[in-house]
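*Asks:* My file is run-v7.csv. It has CSV, C-alpha atoms:
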```csv
chain,number,residue,atom,x,y,z
A,26,MET,CA,-6.4,7.9,-11.4
A,27,SER,CA,-6.6,8.6,-7.7
A,28,ASP,CA,-3.8,7.4,-5.4
A,29,LEU,CA,-4.3,5.4,-2.2
A,30,ASP,CA,-1.8,6.2,0.5
A,31,TYR,CA,-0.9,3.3,2.9
A,32,HIS,CA,1.1,4.0,6.1
A,33,ASP,CA,2.7,1.2,8.0
A,34,ASN,CA,-0.5,0.3,9.9
A,35,GLN,CA,-2.6,0.0,6.7
A,36,VAL,CA,-0.5,-2.6,5.0
A,37,PRO,CA,-0.7,-6.2,6.2
A,38,ILE,CA,2.2,-6.6,8.7
A,39,PHE,CA,3.8,-9.9,9.5
A,40,ARG,CA,6.2,-10.0,12.5
A,41,GLY,CA,8.5,-12.5,14.3
A,42,THR,CA,10.9,-15.1,13.3
A,43,ARG,CA,11.2,-15.9,9.6
A,44,TYR,CA,9.4,-19.2,10.1
A,45,GLN,CA,6.5,-17.4,11.9
A,46,ILE,CA,6.3,-14.8,9.1
A,47,GLY,CA,6.1,-17.5,6.5
A,48,LYS,CA,3.6,-19.5,8.4
A,49,ASP,CA,1.3,-16.5,9.0
A,50,ILE,CA,1.5,-15.4,5.3
A,51,GLY,CA,0.8,-19.0,4.3
A,52,THR,CA,-2.2,-19.1,6.5
A,53,GLU,CA,-3.5,-15.7,5.4
A,54,TYR,CA,-3.1,-16.4,1.7
A,55,ARG,CA,-3.4,-20.2,1.6
A,56,SER,CA,-5.8,-20.5,-1.3
A,57,THR,CA,-4.0,-17.8,-3.3
A,58,ILE,CA,-0.7,-19.7,-3.0
A,59,GLN,CA,-2.2,-23.1,-3.8
A,60,ASN,CA,-3.9,-21.6,-6.9
A,61,TYR,CA,-0.7,-20.1,-8.0
A,62,VAL,CA,1.3,-23.3,-7.7
A,63,ASN,CA,-1.4,-25.1,-9.7
A,64,ASN,CA,-1.4,-22.3,-12.3
A,65,ARG,CA,2.3,-22.4,-12.8
A,66,ASN,CA,2.5,-26.2,-13.1
A,67,ASP,CA,0.0,-26.0,-16.0
A,68,LEU,CA,1.9,-23.1,-17.5
A,69,PHE,CA,5.1,-25.1,-17.7
A,70,SER,CA,3.5,-27.7,-19.9
A,71,SER,CA,1.7,-25.2,-22.2
A,72,GLU,CA,4.8,-23.0,-22.7
A,73,PHE,CA,7.0,-26.0,-23.4
A,74,ARG,CA,4.6,-27.1,-26.1
A,75,LEU,CA,5.4,-23.8,-28.0
A,76,PHE,CA,9.0,-25.1,-28.2
A,77,GLY,CA,7.8,-28.5,-29.5
A,78,VAL,CA,9.0,-30.1,-26.3
A,79,LYS,CA,7.1,-32.3,-23.9
A,80,TYR,CA,7.7,-31.1,-20.4
A,81,ASN,CA,8.9,-33.8,-18.1
A,82,ALA,CA,8.3,-32.5,-14.5
A,83,SER,CA,10.4,-35.2,-13.0
A,84,HIS,CA,13.6,-33.6,-14.4
A,85,LEU,CA,13.0,-30.4,-12.5
A,86,LYS,CA,11.7,-32.1,-9.4
A,87,GLU,CA,14.9,-34.1,-9.1
A,88,ALA,CA,17.0,-31.0,-9.5
A,89,SER,CA,14.9,-29.1,-7.0
A,90,VAL,CA,16.4,-31.2,-4.2
A,91,ASN,CA,19.8,-29.7,-4.9
A,92,ILE,CA,18.3,-26.2,-5.4
A,93,ALA,CA,16.6,-26.6,-2.0
A,94,ASN,CA,19.8,-27.6,-0.3
A,95,TYR,CA,21.6,-24.6,-1.8
A,96,ILE,CA,18.9,-22.2,-0.5
A,97,LYS,CA,19.1,-23.8,2.9
A,98,GLU,CA,22.9,-23.4,3.1
A,99,THR,CA,23.1,-19.9,1.5
A,100,THR,CA,20.0,-18.1,2.8
A,101,PRO,CA,18.9,-20.1,5.8
A,102,LEU,CA,16.5,-17.4,7.0
A,103,GLU,CA,14.6,-17.3,3.7
A,104,TRP,CA,14.5,-21.1,3.9
A,105,GLN,CA,12.9,-20.9,7.3
A,106,GLU,CA,10.3,-18.5,6.0
A,107,LEU,CA,9.5,-20.8,3.0
A,108,GLN,CA,9.2,-23.8,5.4
A,109,GLY,CA,6.6,-21.8,7.3
A,110,VAL,CA,4.7,-21.2,4.0
A,111,ALA,CA,5.0,-24.9,3.1
A,112,ASP,CA,3.8,-26.1,6.6
A,113,SER,CA,0.7,-23.8,6.5
A,114,THR,CA,-0.3,-24.5,2.9
A,115,ASN,CA,0.5,-28.2,2.8
A,116,ILE,CA,2.5,-27.7,-0.3
A,117,HIS,CA,5.9,-29.4,-0.7
A,118,ILE,CA,8.6,-26.9,-0.2
A,119,ASN,CA,10.3,-28.0,-3.4
A,120,ASP,CA,7.2,-27.2,-5.4
A,121,LEU,CA,7.1,-23.7,-3.9
A,122,ILE,CA,10.8,-23.3,-4.9
A,123,ILE,CA,10.1,-24.2,-8.5
A,124,THR,CA,7.0,-22.1,-8.9
A,125,PHE,CA,8.1,-19.0,-7.0
A,126,GLY,CA,11.2,-18.8,-9.1
A,127,TYR,CA,9.2,-19.6,-12.3
A,128,THR,CA,11.3,-17.8,-14.9
A,129,ASP,CA,14.6,-19.2,-13.5
A,130,SER,CA,13.1,-22.6,-13.2
A,131,PHE,CA,11.9,-22.3,-16.8
A,132,ASP,CA,15.4,-21.6,-18.0
A,133,TYR,CA,16.8,-24.4,-16.0
A,134,ALA,CA,14.1,-26.8,-17.2
A,135,LEU,CA,15.0,-26.0,-20.8
A,136,LYS,CA,18.6,-26.9,-20.1
A,137,LEU,CA,17.6,-30.1,-18.4
A,138,HIS,CA,15.5,-31.0,-21.5
A,139,GLY,CA,18.6,-30.7,-23.7
A,140,LYS,CA,17.8,-27.3,-25.4
A,141,GLU,CA,21.1,-25.8,-26.7
A,142,PRO,CA,21.7,-22.1,-26.8
A,143,SER,CA,21.4,-22.1,-30.6
A,144,ASP,CA,17.9,-23.6,-30.3
A,145,ILE,CA,16.5,-20.5,-28.5
A,146,GLN,CA,14.1,-18.5,-30.6
A,147,CYS,CA,14.4,-15.0,-29.4
A,148,ASP,CA,10.9,-13.7,-30.4
A,149,LEU,CA,9.3,-16.8,-28.9
A,150,LEU,CA,11.1,-16.5,-25.6
A,151,ASP,CA,10.5,-12.7,-25.6
A,152,ASN,CA,6.8,-13.2,-25.9
A,153,ILE,CA,6.1,-16.2,-23.7
A,154,VAL,CA,8.5,-15.6,-20.8
A,155,SER,CA,7.7,-12.9,-18.4
A,156,GLU,CA,9.7,-9.8,-19.4
A,157,CYS,CA,9.5,-6.2,-18.1
A,158,SER,CA,10.8,-2.7,-18.9
A,159,SER,CA,12.6,-0.4,-16.5
A,160,LEU,CA,13.8,3.2,-16.3
A,161,ILE,CA,16.2,4.6,-13.6
A,162,ASP,CA,17.0,8.3,-13.2
A,163,THR,CA,19.8,9.2,-10.9
A,164,LYS,CA,20.8,12.6,-12.2
A,165,ASP,CA,19.1,14.7,-9.4
A,166,LYS,CA,18.1,12.0,-7.0
A,167,VAL,CA,17.7,8.3,-7.4
A,168,VAL,CA,14.3,7.3,-8.7
A,169,SER,CA,13.1,4.2,-10.7
A,170,ILE,CA,10.0,2.8,-12.4
A,171,GLN,CA,9.3,-0.4,-14.1
A,172,THR,CA,6.4,-2.5,-15.6
A,173,TRP,CA,5.7,-6.0,-14.3
A,174,ASP,CA,4.9,-8.2,-17.3
A,175,MET,CA,3.6,-11.6,-16.4
A,176,PRO,CA,1.1,-14.1,-17.7
A,177,LYS,CA,-2.4,-12.4,-17.9
A,178,GLY,CA,-4.2,-12.6,-14.6
A,179,SER,CA,-1.1,-12.9,-12.4
A,180,GLU,CA,-2.2,-9.9,-10.4
A,181,GLU,CA,-4.7,-12.3,-8.7
A,182,PHE,CA,-1.7,-13.8,-6.9
A,183,CYS,CA,0.1,-10.6,-6.0
A,184,ILE,CA,0.3,-9.0,-2.6
A,185,VAL,CA,2.0,-6.1,-0.9
A,186,VAL,CA,3.0,-6.7,2.7
A,187,LYS,CA,5.3,-5.4,5.4
A,188,LYS,CA,7.6,-7.9,7.0
A,189,GLU,CA,9.3,-7.2,10.4
A,190,PRO,CA,11.6,-10.1,10.8
A,191,LYS,CA,13.4,-10.6,14.2
A,192,ASN,CA,16.8,-8.9,14.3
A,193,GLU,CA,16.7,-7.9,10.6
A,194,PRO,CA,15.6,-4.7,8.7
A,195,SER,CA,11.9,-4.3,8.1
A,196,LEU,CA,10.8,-4.3,4.5
A,197,PHE,CA,7.9,-3.9,2.2
A,198,THR,CA,7.6,-6.6,-0.5
A,199,TYR,CA,5.7,-6.7,-3.7
A,200,GLY,CA,5.0,-9.9,-5.6
A,201,ILE,CA,3.5,-13.3,-5.6
A,202,ALA,CA,1.9,-14.3,-2.3
A,203,GLY,CA,4.2,-16.6,-0.2
A,204,ALA,CA,7.4,-15.9,-2.2
A,205,PRO,CA,10.3,-14.3,-0.2
A,206,CYS,CA,10.3,-11.1,-2.3
A,207,TYR,CA,9.9,-10.2,-6.0
A,208,MET,CA,10.7,-6.5,-5.5
A,209,GLY,CA,10.9,-4.3,-2.4
A,210,ILE,CA,12.4,-1.6,-0.2
A,211,ASN,CA,13.7,-1.8,3.4
A,212,GLU,CA,13.7,0.6,6.3
A,213,PHE,CA,17.2,2.0,5.2
A,214,GLY,CA,15.8,2.9,1.8
A,215,VAL,CA,17.6,0.1,0.0
A,216,CYS,CA,15.5,-0.9,-3.0
A,217,VAL,CA,15.7,-3.9,-5.4
A,218,GLY,CA,13.8,-4.4,-8.6
A,219,THR,CA,14.2,-6.9,-11.4
A,220,THR,CA,13.3,-7.8,-14.9
A,221,ASN,CA,13.9,-11.3,-16.5
A,222,LEU,CA,17.0,-12.2,-18.4
A,223,SER,CA,16.7,-15.5,-20.3
A,224,THR,CA,19.8,-17.6,-20.4
A,225,LEU,CA,21.0,-21.2,-20.5
A,226,ASP,CA,23.8,-20.2,-18.1
A,227,SER,CA,21.8,-22.0,-15.4
A,228,GLY,CA,22.9,-24.2,-12.6
A,229,ILE,CA,22.2,-25.0,-8.9
A,230,GLY,CA,21.8,-21.6,-7.2
A,231,LEU,CA,19.4,-19.2,-5.7
A,232,PRO,CA,16.1,-18.5,-7.5
A,233,PHE,CA,15.7,-14.7,-7.8
A,234,PRO,CA,13.1,-14.1,-5.0
A,235,PHE,CA,15.5,-15.5,-2.5
A,236,LEU,CA,18.4,-13.4,-3.9
A,237,ILE,CA,16.3,-10.2,-3.7
A,238,SER,CA,15.0,-11.0,-0.2
A,239,ARG,CA,18.6,-11.4,1.1
A,240,MET,CA,19.8,-8.3,-0.7
A,241,LEU,CA,17.2,-6.3,1.2
A,242,ALA,CA,18.7,-7.4,4.5
A,243,HIS,CA,21.6,-5.1,3.8
A,244,VAL,CA,21.9,-1.5,4.9
A,245,THR,CA,23.4,-0.1,1.6
A,246,ALA,CA,23.2,-0.8,-2.1
A,247,ASP,CA,27.0,-1.4,-2.1
A,248,LYS,CA,26.7,-4.2,0.5
A,249,ALA,CA,23.8,-5.7,-1.3
A,250,VAL,CA,25.6,-5.9,-4.6
A,251,THR,CA,28.8,-7.3,-3.0
A,252,TRP,CA,26.8,-10.1,-1.4
A,253,ALA,CA,24.8,-10.9,-4.6
A,254,LYS,CA,28.1,-11.4,-6.5
A,255,SER,CA,29.3,-13.9,-3.9
A,256,VAL,CA,26.6,-16.5,-4.5
A,257,HIS,CA,25.4,-18.6,-7.5
A,258,ARG,CA,22.0,-17.8,-9.1
A,259,LEU,CA,19.7,-20.5,-10.5
A,260,SER,CA,19.5,-18.6,-13.8
A,261,GLY,CA,19.6,-15.1,-15.3
A,262,HIS,CA,18.0,-11.9,-14.1
A,263,TYR,CA,18.6,-8.2,-14.4
A,264,PHE,CA,18.5,-6.4,-11.1
A,265,TYR,CA,18.7,-2.7,-10.1
A,266,ILE,CA,19.8,-2.0,-6.6
A,267,LEU,CA,19.4,1.5,-5.2
A,268,ASP,CA,19.8,3.6,-2.1
A,269,LYS,CA,19.6,7.4,-1.7
A,270,ASP,CA,23.3,7.8,-2.7
A,271,SER,CA,24.0,5.1,-5.3
A,272,ALA,CA,22.5,2.9,-8.0
A,273,TYR,CA,23.7,-0.3,-9.7
A,274,GLU,CA,22.5,-2.4,-12.6
A,275,CYS,CA,23.4,-6.0,-12.4
A,276,GLU,CA,23.0,-8.7,-15.0
A,277,LEU,CA,23.5,-12.0,-13.1
A,278,SER,CA,23.2,-15.5,-14.3
A,279,TRP,CA,24.5,-18.8,-12.7
A,280,GLY,CA,28.2,-18.1,-13.2
A,281,ASN,CA,28.3,-14.6,-14.8
A,282,SER,CA,27.9,-11.2,-13.4
A,283,HIS,CA,28.0,-7.8,-15.2
A,284,ILE,CA,27.6,-4.9,-12.7
A,285,GLU,CA,27.6,-1.2,-13.5
A,286,ASN,CA,27.4,1.8,-11.3
A,287,ILE,CA,24.8,4.1,-12.9
A,288,THR,CA,24.9,6.9,-10.4
A,289,ASN,CA,24.4,10.3,-12.1
A,290,LYS,CA,22.8,8.7,-15.2
A,291,ILE,CA,19.5,7.8,-16.8
A,292,SER,CA,19.4,4.1,-17.6
A,293,HIS,CA,16.8,1.8,-19.0
A,294,HIS,CA,16.5,-1.9,-19.7
A,295,THR,CA,14.2,-4.3,-21.5
A,296,ASN,CA,15.5,-7.9,-22.1
A,297,HIS,CA,17.7,-10.1,-24.1
A,298,ILE,CA,18.5,-13.7,-24.3
A,299,ILE,CA,22.0,-14.9,-23.4
A,300,ARG,CA,23.1,-17.6,-26.0
A,301,SER,CA,26.1,-18.9,-24.2
A,302,ASN,CA,28.4,-18.5,-21.2
A,303,ASN,CA,29.9,-15.6,-23.1
A,304,ASP,CA,27.6,-12.7,-22.1
A,305,SER,CA,28.5,-10.8,-25.3
A,306,GLU,CA,26.6,-13.5,-27.3
A,307,TYR,CA,23.0,-12.6,-27.0
A,308,CYS,CA,19.9,-12.0,-29.1
A,309,VAL,CA,17.0,-9.6,-28.7
A,310,GLY,CA,13.3,-10.2,-29.6
A,311,GLN,CA,11.1,-7.7,-31.4
A,312,SER,CA,9.1,-6.9,-28.3
A,313,SER,CA,12.2,-5.9,-26.4
A,314,ILE,CA,13.5,-3.8,-29.3
A,315,GLN,CA,10.3,-1.9,-29.6
A,316,ARG,CA,10.0,-1.3,-25.9
A,317,LYS,CA,13.6,-0.1,-25.7
A,318,GLU,CA,13.1,2.3,-28.6
A,319,PHE,CA,9.9,3.6,-27.0
A,320,ILE,CA,11.7,4.4,-23.7
A,321,GLU,CA,14.7,5.9,-25.5
A,322,GLN,CA,12.4,8.2,-27.5
A,323,LEU,CA,10.5,9.1,-24.3
A,324,VAL,CA,13.8,10.1,-22.5
A,325,ARG,CA,15.0,12.1,-25.5
A,326,THR,CA,11.8,14.1,-26.1
A,327,THR,CA,10.4,14.7,-22.7
A,328,ASN,CA,10.9,18.2,-21.2
A,329,THR,CA,9.7,17.0,-17.8
A,330,ASP,CA,10.3,14.1,-15.5
A,331,ALA,CA,11.1,11.0,-17.6
A,332,ILE,CA,9.9,8.8,-14.7
A,333,ASP,CA,6.5,10.6,-14.7
A,334,GLN,CA,6.2,10.2,-18.5
A,335,PHE,CA,6.9,6.5,-18.2
A,336,ARG,CA,4.2,6.3,-15.6
A,337,LYS,CA,1.7,8.2,-17.7
A,338,ALA,CA,2.4,6.0,-20.7
A,339,ALA,CA,1.7,2.9,-18.6
A,340,GLN,CA,-1.5,4.4,-17.2
A,341,GLN,CA,-2.6,5.2,-20.7
A,342,CYS,CA,-1.8,1.7,-22.0
A,343,ARG,CA,0.5,3.0,-24.6
A,344,LEU,CA,2.1,0.3,-26.7
A,345,PRO,CA,4.7,-1.1,-27.0
A,346,LEU,CA,5.7,-0.1,-23.4
A,347,CYS,CA,2.6,-1.9,-22.1
A,348,ARG,CA,2.0,-5.5,-23.2
A,349,LYS,CA,-1.4,-7.0,-23.8
A,350,ALA,CA,-2.1,-10.7,-24.1
A,351,ASN,CA,-2.6,-11.9,-27.6
A,352,LYS,CA,-4.2,-15.3,-27.6
A,353,HIS,CA,-4.3,-15.5,-31.4
A,354,ASN,CA,-0.5,-15.9,-31.3
A,355,GLY,CA,-0.6,-18.2,-28.3
A,356,PHE,CA,1.1,-15.5,-26.1
A,357,ASN,CA,-0.5,-14.6,-22.8
A,358,THR,CA,2.0,-12.0,-21.4
A,359,GLU,CA,0.4,-8.8,-20.1
A,360,THR,CA,1.5,-5.8,-18.1
A,361,VAL,CA,0.0,-6.6,-14.7
A,362,GLY,CA,1.8,-4.2,-12.5
A,363,LEU,CA,3.8,-0.9,-12.1
A,364,ILE,CA,6.4,-0.3,-9.4
A,365,SER,CA,8.4,2.9,-8.5
A,366,PHE,CA,11.1,3.4,-5.9
A,367,TYR,CA,12.1,6.6,-4.1
A,368,PRO,CA,15.0,5.5,-1.8
A,369,ALA,CA,15.6,9.0,-0.4
A,370,ASP,CA,12.0,9.2,0.7
A,371,LYS,CA,12.0,5.5,1.7
A,372,LYS,CA,8.9,5.1,-0.5
A,373,MET,CA,7.6,2.6,-2.9
A,374,SER,CA,4.7,3.3,-5.3
A,375,CYS,CA,3.0,0.4,-7.0
A,376,VAL,CA,0.0,-0.8,-9.0
A,377,ILE,CA,-1.4,-4.3,-8.6
A,378,GLY,CA,-3.0,-5.1,-11.9
A,379,PRO,CA,-2.9,-3.4,-15.3
A,380,PRO,CA,-1.9,0.2,-14.6
A,381,TRP,CA,-4.4,1.6,-17.0
A,382,SER,CA,-7.3,0.2,-14.9
A,383,ASN,CA,-6.0,0.1,-11.3
A,384,SER,CA,-5.0,2.8,-8.7
A,385,GLU,CA,-1.5,3.5,-7.6
A,386,ILE,CA,-0.6,2.8,-4.0
A,387,ASN,CA,2.0,4.9,-2.2
A,388,ILE,CA,3.8,3.0,0.7
A,389,TYR,CA,6.5,4.5,2.9
A,390,PHE,CA,8.4,4.0,6.1
```
Would you mind writing the file's structure down as structure tokens?
*Replies:*
Amino acid sequence: MSDLDYHDNQVPIFRGTRYQIGKDIGTEYRSTIQNYVNNRNDLFSSEFRLFGVKYNASHLKEASVNIANYIKETTPLEWQELQGVADSTNIHINDLIITFGYTDSFDYALKLHGKEPSDIQCDLLDNIVSECSSLIDTKDKVVSIQTWDMPKGSEEFCIVVKKEPKNEPSLFTYGIAGAPCYMGINEFGVCVGTTNLSTLDSGIGLPFPFLISRMLAHVTADKAVTWAKSVHRLSGHYFYILDKDSAYECELSWGNSHIENITNKISHHTNHIIRSNNDSEYCVGQSSIQRKEFIEQLVRTTNTDAIDQFRKAAQQCRLPLCRKANKHNGFNTETVGLISFYPADKKMSCVIGPPWSNSEINIYF
């Protein structure tokens, strides 16, 4: 596969106040954003049916008012950006909040529908909810790579852009068009990636794209982690926060946080489902187990760069690392992206779409 190198002036750039950035992105990608919102609204109903539950959209819409207020109070700049997207797409801002934070909203919706932790079926959640796999190597220098596993076709809604917000660090963002940030790197080399962490420890808090965007406003990984601990999260996610000198893994849910400094280590993560507020009570689905074992074997047996071997496995569509939609089982999750961070080089490499059939893009400051 050939690489495409993008310098600053070759990636779409959006400048100005946060509101102006949001408005310009909304104008540029209006139909993409509108299609994504419609797609995720349909997905809520279809995925809830797999649990034998009829999705009641009014529950989440009512809760979204409180979620919106928390975003506005906690991350006012991200709120302004989202308001710009809403104004230019004619989509209600609360609908954007629910769909941009889909996996968090899904967890919270389960809770609102009265699903107890003991009701969670690990393999079911593991297959239908977007889950990913990550590998971080900090032994020589800090480097990371991860798959982006989403409902098949999600790459149609994905963009890579550069944002230059007024009086804030510039950043490259990867993820759903119009969302604050799914993954990204800023001009100081601070990088944030994420994989989903299903939990019913949900409550009024920040959906993960708002959390990541604000973490990338900090100049070091240490400061980003400190800030992330200080706020509530809508639901659970695993994050890795990197800079050239340090690396952290964080499992954060509404009221719980488990943070580990992984500097000078090789670390990997798939997913698990938290059963209660006690973060030691969790279950793991078969897909996560198989992906974890694959990565562990890759790290043990490789005589070269483990990150590069992970990349090659993804490009070759090697199972179980890469996931392919299986409609026969009602599961539609597929590996639709690949993202690597090189904080010392202030570089992000990414693939939009299945990595076995799309080119890798190198983006750097």
*Asks:* Tell me, in Å to one decimal, how far CA of Ala82 in chain A is from CA of Pro232 in chain A.
*Replies:*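 Spanning CA of Ala82 in chain A to CA of Pro232 in chain A is a straight-line distance of 17.5 Å.
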*Asks:* Give me the residues within 9 Å of range 335-338 of chain A as a PDB file with C-alpha atoms, in the frame of the given file, counting only C-alpha atoms and dropping any in the same chain fewer than 4 places off.
*Replies:*
```pdb
ATOM      1  CA  LEU A 160      13.800   3.200 -16.300  1.00  0.00           C
ATOM      2  CA  ILE A 170      10.000   2.800 -12.400  1.00  0.00           C
ATOM      3  CA  GLN A 171       9.300  -0.400 -14.100  1.00  0.00           C
ATOM      4  CA  ILE A 320      11.700   4.400 -23.700  1.00  0.00           C
ATOM      5  CA  LEU A 323      10.500   9.100 -24.300  1.00  0.00           C
ATOM      6  CA  VAL A 324      13.800  10.100 -22.500  1.00  0.00           C
ATOM      7  CA  ASP A 330      10.300  14.100 -15.500  1.00  0.00           C
ATOM      8  CA  ALA A 331      11.100  11.000 -17.600  1.00  0.00           C
ATOM      9  CA  CYS A 342      -1.800   1.700 -22.000  1.00  0.00           C
ATOM     10  CA  ARG A 343       0.500   3.000 -24.600  1.00  0.00           C
ATOM     11  CA  LEU A 344       2.100   0.300 -26.700  1.00  0.00           C
ATOM     12  CA  LEU A 346       5.700  -0.100 -23.400  1.00  0.00           C
ATOM     13  CA  CYS A 347       2.600  -1.900 -22.100  1.00  0.00           C
ATOM     14  CA  LEU A 363       3.800  -0.900 -12.100  1.00  0.00           C
ATOM     15  CA  SER A 365       8.400   2.900  -8.500  1.00  0.00           C
ATOM     16  CA  PRO A 380      -1.900   0.200 -14.600  1.00  0.00           C
ATOM     17  CA  TRP A 381      -4.400   1.600 -17.000  1.00  0.00           C
TER      18      TRP A 381
END
```
*Asks:* Taking 4 positions as the minimum chain separation for residues in the same chain, which residues sit within 8 Å of range 64-76 of chain A when counting all atoms listed in the file? Answer as a ChimeraX atom specification.
*Replies:* /A:60,80,124,127,131,153
*Asks:* Under the rule that only C-alpha atoms are counted, which of A:Glu156, A:Asp270, A:Asp165, A:Asp333 is the nearest residue to Thr219 in chain A?
*Replies:*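 Using only C-alpha atoms, the shortest distance to Thr219 in chain A belongs to A:Glu156.
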*Asks:* Between A:Ser179, A:Thr114, A:Gln105, A:Gln311, which is the closest to Phe235 in chain A once you count all atoms listed in the file?
*Replies:* A:Gln105
*Asks:* So, with only C-alpha atoms as the atoms that count, which of A:Thr198, A:Thr172, A:Asp370, A:Gly362 lies closest to His294 in chain A?
*Replies:*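 Nearest to His294 in chain A: A:Thr172.
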*Asks:* Distance CA of Arg40 in chain A-CA of Lys97 in chain A, one decimal place?
*Replies:*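 Separating CA of Arg40 in chain A from CA of Lys97 in chain A is a distance of 21.2 Å.
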*Asks:* Can you work out which one of A:Ala111, A:Leu225, A:Leu85, A:Ile50 has the shortest atom-to-atom distance to Ala202 in chain A, counting all atoms listed in the file?
*Replies:*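 That would be A:Ile50, the residue with the smallest distance to Ala202 in chain A.
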*Asks:* CA of Phe264 in chain A to CA of Ile116 in chain A: how many Å, to one decimal?
*Replies:*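 One can read the CA of Phe264 in chain A to CA of Ile116 in chain A distance as 28.7 Å.
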*Asks:* When you count all atoms listed in the file, which of these residues is closest to Ile266 in chain A: A:Gly218, A:Pro205, A:Gly310, A:Gly228?
*Replies:* A:Gly218
*Asks:* Which residue out of A:Ile388, A:Cys157, A:Ala369, A:Leu259 has the minimum interatomic distance to Pro345 in chain A when all atoms listed in the file are used?
*Replies:*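 Of A:Ile388, A:Cys157, A:Ala369, A:Leu259, the one nearest Pro345 in chain A, counting all atoms listed in the file, is A:Cys157.
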*Asks:* What's the 6 Å shell around Thr163 in chain A, counting only C-alpha atoms, without same-chain residues fewer than 2 positions away, as a list in words?
*Replies:*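 Result of the neighbour search: Asp165, Lys166, Val167, Thr288, Asn289 and Lys290 of chain A.
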*Asks:* May I have the residues from that selection written out with C-alpha atoms, as an mmCIF file, in the coordinates of the input?
*Replies:*
```cif
data_model
loop_
_atom_site.group_PDB
_atom_site.id
_atom_site.type_symbol
_atom_site.label_atom_id
_atom_site.label_comp_id
_atom_site.auth_asym_id
_atom_site.auth_seq_id
_atom_site.Cartn_x
_atom_site.Cartn_y
_atom_site.Cartn_z
ATOM 1 C CA ASP A 165 19.100 14.700 -9.400
ATOM 2 C CA LYS A 166 18.100 12.000 -7.000
ATOM 3 C CA VAL A 167 17.700 8.300 -7.400
ATOM 4 C CA THR A 288 24.900 6.900 -10.400
ATOM 5 C CA ASN A 289 24.400 10.300 -12.100
ATOM 6 C CA LYS A 290 22.800 8.700 -15.200
#
```
*Asks:* Neighbours of Thr57 in chain A within 12 Å (only C-alpha atoms; same-chain residues fewer than 2 positions away dropped), as a short mmCIF file (atom, residue, chain, number, x, y, z; two decimals) with C-alpha atoms, keeping the file's coordinate frame?
*Replies:*
```
data_model
loop_
_atom_site.label_atom_id
_atom_site.label_comp_id
_atom_site.auth_asym_id
_atom_site.auth_seq_id
_atom_site.Cartn_x
_atom_site.Cartn_y
_atom_site.Cartn_z
CA ILE A 50 1.50 -15.40 5.30
CA GLY A 51 0.80 -19.00 4.30
CA THR A 52 -2.20 -19.10 6.50
CA GLU A 53 -3.50 -15.70 5.40
CA TYR A 54 -3.10 -16.40 1.70
CA ARG A 55 -3.40 -20.20 1.60
CA GLN A 59 -2.20 -23.10 -3.80
CA ASN A 60 -3.90 -21.60 -6.90
CA TYR A 61 -0.70 -20.10 -8.00
CA VAL A 62 1.30 -23.30 -7.70
CA ASN A 63 -1.40 -25.10 -9.70
CA ASN A 64 -1.40 -22.30 -12.30
CA VAL A 110 4.70 -21.20 4.00
CA THR A 114 -0.30 -24.50 2.90
CA SER A 179 -1.10 -12.90 -12.40
CA GLU A 180 -2.20 -9.90 -10.40
CA GLU A 181 -4.70 -12.30 -8.70
CA PHE A 182 -1.70 -13.80 -6.90
CA CYS A 183 0.10 -10.60 -6.00
CA ILE A 184 0.30 -9.00 -2.60
CA ILE A 201 3.50 -13.30 -5.60
CA ALA A 202 1.90 -14.30 -2.30
CA GLY A 203 4.20 -16.60 -0.20
CA ALA A 204 7.40 -15.90 -2.20
#
```
*Asks:* Skip Lys191 in chain A itself and residues of its chain fewer than 2 positions away, then list as an MDAnalysis selection string all residues within 7 Å of it, counting all atoms listed in the file.
*Replies:* chainID A and resid 41:42 189 193
